[in-house]
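Presented below is the structure to which this report refers.
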Amino acid sequence: MHFRHERHDTVYVSARQMYLHDRVAAVSNRVAEVTNGQRLEVLDQSRRFLKVKTEKNEIGWIEERAVIDAKTFQTFDQLGVQHKQDPVVASGVVRDEIYLHLKPGRESERFYLLGANSKVQLLARASVPKAVPGNGQAPRPVTPKSDQTAKTPASRTGSKSAVPGGAPHIPGQANAEAPLMEDWWLVRDDQGRSGWMLASRMDVDVPDEIATYAEGQRYVGAYVLNKVHDPEASTPDHEVPQYVTVLSPNKAGLPFDFDQVRVFTWSTRRHRYETAFRLHPIQGYLPVRVTPAVNGSTPTFSFQIANGTNMTTDPATGITRPVSPRTITYQMNDTRAVRIGSDQGPVPLSHLAESKPKSKAAKTKTGKKSRR
């Protein structure tokens, strides 16, 4: 980062914590400690160092790489304002310290530092090419082997753009130019600050009681439908929440947000969660909207799927969405999910190639003995 400073410019600490030194030299004294987000006034500049003053009038030198300029700070601030009213599609918990970025991608500007176990609100998911460590460039195209040809997700067939910045996918063929992808989430923290963070550094906040039912997939969201009374339940007031959840394969770069919808209801006879409804495999998109039960009414939930194969990808963020989404709605009648709403058309089922059942020929090839 390069600065053209006039005296009394403002910068902000982007490092976790740094010390101000009394001189730019191999041997120097610490005069103050500054932390992430702290505002500093620039007094002077010398090559890769800035002479700054804190709000406590502490003066010292700091490395230029440890701060961002006022323009970048304002851009981060505007990002928070821009997404202040965005609906929350799920909630998550940060595993360990991580920076928020201006855009998806490891090489984009970063500033806000979230601590371990910080809770965040998830606003949107994007997939971008994974950068090669050290040069910030996307990796060279990976040419799939012949047995990987079918691994292209079905909804990419006929899409306008298979991956952000990548070559369009040709229906029925593997996209040999597709780079390795990674997922990022646009999040908002409890201070209203927004930014992009790497999805693999965060866990979706899911109740422990149902988290064990992931069955090798990852939860994308869990939403309370209603509560049932069970005198033997250990929950407050013996009221047990019932959930609608969405899950996806544990794989980055998918052109959809989830491929499974699953409803967990509470059995007052067995005192445990049971699967009341499952729709899988689909290609679903957030948000999942829930209308809880009120005054004896029945809860409903809805989600989106694509209406055809045309997809659009935001070139700035990598967010992929269907051009004309359909809204699918269900109503919970006790433990039964009943389809309601104006859209009663069939929901297309579509497996990822690697999850498709093996053919009989494949089973024989893997060594399955035939009966004689």
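Scheme for the structure tokens: letters A, B, ... for chains in order shown; per-chain residue numbers from 1; ligand numbers from 1 in order shown.
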Show which residues sit within 7 Å of His21 of chain A, as JSON, numbers by chain. Count only C-alpha atoms, and ignore same-chain residues fewer than 6 positions away. {"A": [28, 29, 30, 31, 60, 61, 62]}
Expected file contents, prior selection, N, CA and C atoms, as a short mmCIF file (atom, residue, chain, number, x, y, z; two decimals), in the first residue's frame:
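File out.cif, as written:
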data_model
loop_
_atom_site.label_atom_id
_atom_site.label_comp_id
_atom_site.auth_asym_id
_atom_site.auth_seq_id
_atom_site.Cartn_x
_atom_site.Cartn_y
_atom_site.Cartn_z
N SER A 28 15.52 0.54 18.91
CA SER A 28 14.58 1.62 19.25
C SER A 28 13.78 1.25 20.48
N ASN A 29 13.06 2.22 21.01
CA ASN A 29 12.26 2.00 22.21
C ASN A 29 10.77 2.05 21.88
N ARG A 30 10.01 1.21 22.56
CA ARG A 30 8.56 1.23 22.41
C ARG A 30 7.99 2.40 23.20
N VAL A 31 7.08 3.14 22.54
CA VAL A 31 6.49 4.28 23.23
C VAL A 31 4.99 4.11 23.48
N GLY A 60 4.95 8.15 17.84
CA GLY A 60 5.96 7.16 17.50
C GLY A 60 5.85 6.74 16.05
N TRP A 61 6.71 5.84 15.64
CA TRP A 61 6.77 5.36 14.26
C TRP A 61 6.13 3.98 14.16
N ILE A 62 5.41 3.76 13.04
CA ILE A 62 4.75 2.48 12.79
C ILE A 62 4.97 2.10 11.33
#
Please compute the atom CA of Pro249 of chain A-atom CA of Ala222 of chain A distance, one decimal, in Å.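 Atom CA of Ala222 of chain A lies at a distance of 15.7 Å from atom CA of Pro249 of chain A.
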Distance atom CA of Thr245 of chain A-atom CA of Glu182 of chain A, one decimal place?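 These two atoms are separated by 22.8 Å.
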A:Asn226, A:Leu122, A:Val220, A:Ser127 ranked by distance to Val187 of chain A, top pick (using only C-alpha atoms):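 Once distances to Val187 of chain A are computed over only C-alpha atoms, the minimum belongs to A:Leu122.
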Point out the residue among A:Val288, A:Leu186, A:Leu20, A:Val294 with the least atom-to-atom distance to Thr329 of chain A, counting only C-alpha atoms.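 Under the stated criterion, the closest residue is A:Val288.
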Run DSSP on the backbone and tell me which residues of segment 5-79 of chain A come out as strand (DSSP E); list them as a CSV table (one decimal) with C-alpha atoms, in the first residue's frame.
chain,number,residue,atom,x,y,z
A,10,THR,CA,-5.5,9.9,9.2
A,11,VAL,CA,-4.8,6.2,9.2
A,12,TYR,CA,-6.3,3.2,11.0
A,13,VAL,CA,-4.5,0.2,12.5
A,17,GLN,CA,-1.7,-5.0,17.6
A,18,MET,CA,1.5,-3.1,17.1
A,19,TYR,CA,4.0,-1.0,19.0
A,20,LEU,CA,5.0,2.6,18.2
A,21,HIS,CA,8.7,3.2,18.3
A,30,ARG,CA,8.6,1.2,22.4
A,31,VAL,CA,6.5,4.3,23.2
A,32,ALA,CA,2.9,3.0,22.9
A,33,GLU,CA,0.8,0.0,21.9
A,34,VAL,CA,-2.0,0.4,19.3
A,35,THR,CA,-4.6,-2.2,18.3
A,39,ARG,CA,-7.3,5.9,14.7
A,40,LEU,CA,-3.9,7.6,14.2
A,41,GLU,CA,-2.9,11.0,13.0
A,42,VAL,CA,0.0,11.1,10.6
A,43,LEU,CA,2.8,13.6,11.4
A,44,ASP,CA,5.6,12.5,9.0
A,45,GLN,CA,6.7,9.8,6.6
A,46,SER,CA,9.9,7.9,6.0
A,49,PHE,CA,7.2,4.0,8.1
A,50,LEU,CA,4.9,6.6,9.3
A,51,LYS,CA,5.2,8.9,12.3
A,52,VAL,CA,1.9,9.0,14.0
A,53,LYS,CA,0.1,10.4,17.1
A,59,ILE,CA,3.9,9.8,19.2
A,60,GLY,CA,6.0,7.2,17.5
A,61,TRP,CA,6.8,5.4,14.3
A,62,ILE,CA,4.8,2.5,12.8
A,63,GLU,CA,5.2,0.4,9.7
A,67,VAL,CA,-2.4,0.6,8.7
A,68,ILE,CA,-5.0,1.5,6.1
A,69,ASP,CA,-5.6,5.0,4.8
Write out as an NGL selection string which residues come within 12 Å of Pro207 of chain A when counting only C-alpha atoms, dropping same-chain ones fewer than 2 positions away. :A and (91-92 or 203-205 or 209-214 or 219 or 221-224 or 240-245 or 264 or 273)
Determine, counting only C-alpha atoms, which protein, DNA and RNA residues have an atom within 12 Å of an atom of Arg193 of chain A; residues of the same chain fewer than 2 positions away are not included. Present the result as number ranges by chain. A: 37, 73-85, 99-102, 111-114, 120-121, 186-191, 195-196
Just the residues within 7 Å of segment 330-336 of chain A, please, counting only C-alpha atoms, with nothing from its chain fewer than 5 positions along; format it as a PyMOL selection string. chain A and resi 265+276+298-302
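Of the listed residues (A:Ser297, A:Ser194, A:His280, A:Val128), A:His280 comes nearest to Val263 of chain A; the distances count only C-alpha atoms.
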Take atom CA of Asn36 of chain A and atom CA of Pro129 of chain A and report the distance between them in Å, one decimal.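 Pair atom CA of Asn36 of chain A / atom CA of Pro129 of chain A returns 28.1 Å.
Distance check against Tyr285 of chain A using only C-alpha atoms: of A:Ser248, A:Thr235, A:Ser108, A:Asn57, the minimum falls on A:Ser248.
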